[in-house]
Amino acid sequence: MNARSQTFEFAVEGRQIDEVVSCMFHSILFHRCVGKYHTNGEDSYSVGTLGYTDVDCDYIDFTYLQVTSQELQRTVAEKINQFHDKLRSSESNRSGQITLEFYQKKKSRWMFKPEEIPWEIWTIKIEQMQLSSENERQFMREKLSDSLTERIFQITEIINKPDYVPKPPHLSELDLVFDTSYTDIQPYLFKRARIPFWEFLKTAFQARSNPEASNHRKRIGGFQPMKVELLPNRTYYWCSCGYAHHQALCDQACKQLRGNLRPLKFTSSKFQVAELCMCKSTERAPYCDQSCRTRFVGMQMRMGNSVEGTYSNVKEFLNTIPKGIDNYRQFAADRQAKLEHTERLRKKVDDEKNKKFSEET
């Protein structure tokens, strides 16, 4: 079986490692856990409820969901502490990776142990940074929060795809798919895959020998185009990297980041209210070509700019998941209706401005 594999990269301070990995692992396990199976006889059973709680990070401006199970929390914390201790034990090595692997068991002959077949693998790559000033620390803290926001959306989008997930077996074979050792929940069988030491050193060597390996990549500024008034014969700089605090024009927020992050210079030939791309995947830069409607279908939330209004939107989105797909569709329909109402009001204001500008000229 070919296991699905996903990799996420983060550049963090040492004190943020535990919270970043915990956020990613618990967000994944939130979708890979079910309630405890209880037998009501030989052929009947019931499934218990699955609770969840909000967790506020101490060193990141972020809140994530985790399953309400102290046993699972201890298991995850133990694995993360082992990973963190391994990073701290090597003074020269500033990077590493930890893997969360889901697998199922296949019965073998009575002399051998069941075969473990992985079906989903999540890899978190961590690079430690050393920041010299409080301004840099605050700046990177905000960027890390935005990066986690994007990753949570990606995890939700990936898990909701109709890909292979082991079907619940007969009650006598539950332990082939689920971890039945927990008293209150039943997660799919998972483990922290051990990374060979030579692979650990190889990752660190590549990060130091190839500066481009640790460069910052472009990010998503939002899931809806931003309307901007453009005056004739005036030069503008469109944010092409997604790191600007005030989208969709560049404000040099990426000046301190590594990588080839440059704004796009353009000029408007006339007065217009243009829709500038926020997802940074348009082929008609800087103008929106509706690429985000196909790439982020079902997740199009107006996020304002890249920082403000992000965390509440993620929390609002995730709170709809346990209530079922019908509630989510209703939530999306209501939000779309609000956006259309706001769009009509803005269009009316824009028309009045265009009319007034035409009369003055």
# chains A, B, ... in the order shown; residues from 1 in each chain; ligands from 1
call {"tool": "residues_around", "arguments": {"residues": "range 229-231 of chain A", "least_positions_apart": "3", "cutoff": "12 Å", "atoms": "only C-alpha atoms", "output": "CSV table (one decimal) with N, CA, C and O atoms, in the first residue's frame"}}
result
chain,number,residue,atom,x,y,z
A,226,MET,N,-9.1,41.5,-2.9
A,226,MET,CA,-9.2,42.7,-2.2
A,226,MET,C,-9.5,43.9,-3.2
A,226,MET,O,-8.8,44.0,-4.1
A,234,ARG,N,-0.5,56.4,-11.7
A,234,ARG,CA,0.1,56.3,-10.4
A,234,ARG,C,0.7,54.9,-10.2
A,234,ARG,O,0.1,53.9,-10.6
A,235,THR,N,1.9,54.8,-9.7
A,235,THR,CA,2.6,53.6,-9.5
A,235,THR,C,2.3,52.9,-8.2
A,235,THR,O,2.3,53.5,-7.2
A,236,TYR,N,2.0,51.6,-8.3
A,236,TYR,CA,1.6,50.8,-7.1
A,236,TYR,C,2.5,49.6,-7.0
A,236,TYR,O,3.1,49.1,-8.1
A,237,TYR,N,2.7,49.0,-5.8
A,237,TYR,CA,3.5,47.8,-5.6
A,237,TYR,C,2.6,46.8,-5.0
A,237,TYR,O,2.2,46.9,-3.8
A,238,TRP,N,2.3,45.7,-5.7
A,238,TRP,CA,1.4,44.7,-5.3
A,238,TRP,C,2.3,43.6,-4.5
A,238,TRP,O,3.3,43.2,-4.9
A,248,ALA,N,-3.8,44.6,-0.2
A,248,ALA,CA,-3.0,43.7,-1.0
A,248,ALA,C,-1.8,44.4,-1.5
A,248,ALA,O,-1.1,43.8,-2.4
A,249,LEU,N,-1.4,45.6,-1.1
A,249,LEU,CA,-0.3,46.3,-1.5
A,249,LEU,C,0.9,46.1,-0.6
A,249,LEU,O,0.7,45.8,0.6
A,266,PHE,N,3.3,48.1,-10.8
A,266,PHE,CA,2.4,48.2,-11.9
A,266,PHE,C,1.7,49.6,-11.8
A,266,PHE,O,1.8,50.3,-10.8
A,267,THR,N,1.2,50.0,-12.9
A,267,THR,CA,0.6,51.4,-13.0
A,267,THR,C,-0.8,51.2,-13.6
A,267,THR,O,-1.0,50.5,-14.6
A,268,SER,N,-1.8,52.0,-13.1
A,268,SER,CA,-3.1,52.0,-13.6
A,268,SER,C,-3.3,53.1,-14.6
A,268,SER,O,-2.9,54.2,-14.4
A,269,SER,N,-3.9,52.8,-15.8
A,269,SER,CA,-4.1,53.8,-16.8
A,269,SER,C,-5.3,54.7,-16.6
A,269,SER,O,-5.5,55.7,-17.3
A,270,LYS,N,-6.2,54.3,-15.7
A,270,LYS,CA,-7.4,55.0,-15.5
A,270,LYS,C,-7.8,54.8,-14.0
A,270,LYS,O,-7.3,53.9,-13.3
A,271,PHE,N,-8.8,55.6,-13.6
A,271,PHE,CA,-9.4,55.4,-12.3
A,271,PHE,C,-10.2,54.1,-12.3
A,271,PHE,O,-11.1,54.0,-13.1
A,272,GLN,N,-10.0,53.2,-11.3
A,272,GLN,CA,-10.8,52.0,-11.3
A,272,GLN,C,-10.7,51.4,-9.9
A,272,GLN,O,-9.8,51.7,-9.1
A,273,VAL,N,-11.7,50.7,-9.6
A,273,VAL,CA,-11.7,49.9,-8.3
A,273,VAL,C,-11.4,48.4,-8.7
A,273,VAL,O,-12.3,47.7,-9.2
A,274,ALA,N,-10.2,48.1,-8.6
A,274,ALA,CA,-9.7,46.8,-9.1
A,274,ALA,C,-9.7,45.7,-8.0
A,274,ALA,O,-9.6,46.0,-6.8
A,275,GLU,N,-9.9,44.5,-8.4
A,275,GLU,CA,-9.8,43.3,-7.5
A,275,GLU,C,-8.4,42.7,-7.6
A,275,GLU,O,-8.1,42.1,-8.6
A,276,LEU,N,-7.6,43.0,-6.5
A,276,LEU,CA,-6.3,42.5,-6.5
A,276,LEU,C,-6.2,41.1,-5.8
A,276,LEU,O,-6.9,40.9,-4.9
A,287,TYR,N,-3.9,41.3,-10.7
A,287,TYR,CA,-5.4,41.2,-10.7
A,287,TYR,C,-5.9,39.8,-10.5
A,287,TYR,O,-5.3,38.8,-10.9
A,346,ARG,N,-20.7,47.9,-1.2
A,346,ARG,CA,-19.4,48.5,-1.7
A,346,ARG,C,-19.5,48.9,-3.1
A,346,ARG,O,-19.0,49.9,-3.6
A,347,LYS,N,-20.2,48.1,-3.9
A,347,LYS,CA,-20.4,48.4,-5.3
A,347,LYS,C,-21.2,49.7,-5.5
A,347,LYS,O,-20.9,50.6,-6.4
A,349,VAL,N,-21.2,52.2,-3.3
A,349,VAL,CA,-20.3,53.3,-3.0
A,349,VAL,C,-19.3,53.6,-4.0
A,349,VAL,O,-19.0,54.7,-4.4
A,350,ASP,N,-18.8,52.5,-4.7
A,350,ASP,CA,-17.8,52.7,-5.7
A,350,ASP,C,-18.4,53.4,-6.9
A,350,ASP,O,-17.8,54.2,-7.6
A,351,ASP,N,-19.7,53.0,-7.3
A,351,ASP,CA,-20.3,53.7,-8.4
A,351,ASP,C,-20.5,55.2,-8.1
A,351,ASP,O,-20.3,56.0,-9.0
A,353,LYS,N,-18.6,57.0,-6.2
A,353,LYS,CA,-17.2,57.6,-6.3
A,353,LYS,C,-16.8,57.8,-7.7
A,353,LYS,O,-16.2,58.8,-8.1
A,354,ASN,N,-17.1,56.8,-8.6
A,354,ASN,CA,-16.7,56.9,-10.0
A,354,ASN,C,-17.5,58.1,-10.6
A,354,ASN,O,-16.9,58.8,-11.4
A,357,PHE,N,-15.9,61.4,-9.4
A,357,PHE,CA,-14.6,61.6,-10.0
A,357,PHE,C,-14.8,62.0,-11.5
A,357,PHE,O,-14.0,62.9,-12.0
call {"tool": "closest_atom_pairs", "arguments": {"of": "range 42-94 of chain A", "to": "range 13-18 of chain A", "cutoff": "8 Å", "atoms": "only C-alpha atoms", "output": "JSON lines"}}
result
{"residue": "A:Tyr59", "atom": "CA", "partner": "A:Gln16", "partner_atom": "CA", "distance": 6.0}
{"residue": "A:Ile60", "atom": "CA", "partner": "A:Gln16", "partner_atom": "CA", "distance": 7.2}
{"residue": "A:Ile80", "atom": "CA", "partner": "A:Asp18", "partner_atom": "CA", "distance": 6.4}
{"residue": "A:Asn81", "atom": "CA", "partner": "A:Asp18", "partner_atom": "CA", "distance": 7.4}
{"residue": "A:His84", "atom": "CA", "partner": "A:Asp18", "partner_atom": "CA", "distance": 7.2}
call {"tool": "write_last_selection", "arguments": {"atoms": "N, CA and C atoms", "output": "mmCIF file, in the first residue's frame"}}
result
data_model
loop_
_atom_site.group_PDB
_atom_site.id
_atom_site.type_symbol
_atom_site.label_atom_id
_atom_site.label_comp_id
_atom_site.auth_asym_id
_atom_site.auth_seq_id
_atom_site.Cartn_x
_atom_site.Cartn_y
_atom_site.Cartn_z
ATOM 1 N N TYR A 59 3.477 30.979 23.625
ATOM 2 C CA TYR A 59 4.506 31.700 22.882
ATOM 3 C C TYR A 59 4.114 31.961 21.426
ATOM 4 N N ILE A 60 2.866 31.662 21.081
ATOM 5 C CA ILE A 60 2.344 31.922 19.737
ATOM 6 C C ILE A 60 0.931 32.472 19.895
ATOM 7 N N ILE A 80 6.711 14.400 21.763
ATOM 8 C CA ILE A 80 7.236 15.717 21.408
ATOM 9 C C ILE A 80 8.427 16.070 22.290
ATOM 10 N N ASN A 81 8.369 15.720 23.572
ATOM 11 C CA ASN A 81 9.487 15.989 24.480
ATOM 12 C C ASN A 81 10.736 15.218 24.057
ATOM 13 N N HIS A 84 12.153 17.146 21.118
ATOM 14 C CA HIS A 84 12.768 18.400 21.556
ATOM 15 C C HIS A 84 14.091 18.140 22.270
#
call {"tool": "atom_distance", "arguments": {"atom1": "CA of Leu65 in chain A", "atom2": "CA of Ile28 in chain A"}}
result
9.7 Å
call {"tool": "closest_residue", "arguments": {"among": "A:Val12, A:Cys23, A:Cys33, A:Leu176", "to": "Pro114 in chain A", "atoms": "only C-alpha atoms"}}
result
A:Leu176
call {"tool": "atom_distance", "arguments": {"atom1": "CA of Ala337 in chain A", "atom2": "CA of Arg219 in chain A"}}
result
27.3 Å
call {"tool": "select_by_dssp", "arguments": {"residues": "range 98-298 of chain A", "states": "helix (DSSP H, G or I)", "output": "JSON, numbers by chain"}}
result
{"A": [134, 135, 136, 137, 138, 139, 140, 141, 142, 143, 144, 145, 146, 147, 148, 149, 150, 151, 152, 153, 154, 155, 156, 157, 158, 159, 171, 172, 173, 174, 175, 176, 197, 198, 199, 200, 201, 202, 203, 204, 205, 206, 207, 208, 209, 211, 212, 213, 214, 291, 292, 293, 294, 295]}
call {"tool": "closest_residue", "arguments": {"among": "A:Gln256, A:Thr180, A:Ser5, A:Ser281", "to": "Asn135 in chain A", "atoms": "only C-alpha atoms"}}
result
A:Gln256
call {"tool": "closest_residue", "arguments": {"among": "A:Gln138, A:Gln70, A:Gln104, A:Ser132", "to": "Pro166 in chain A", "atoms": "only C-alpha atoms"}}
result
A:Gln104
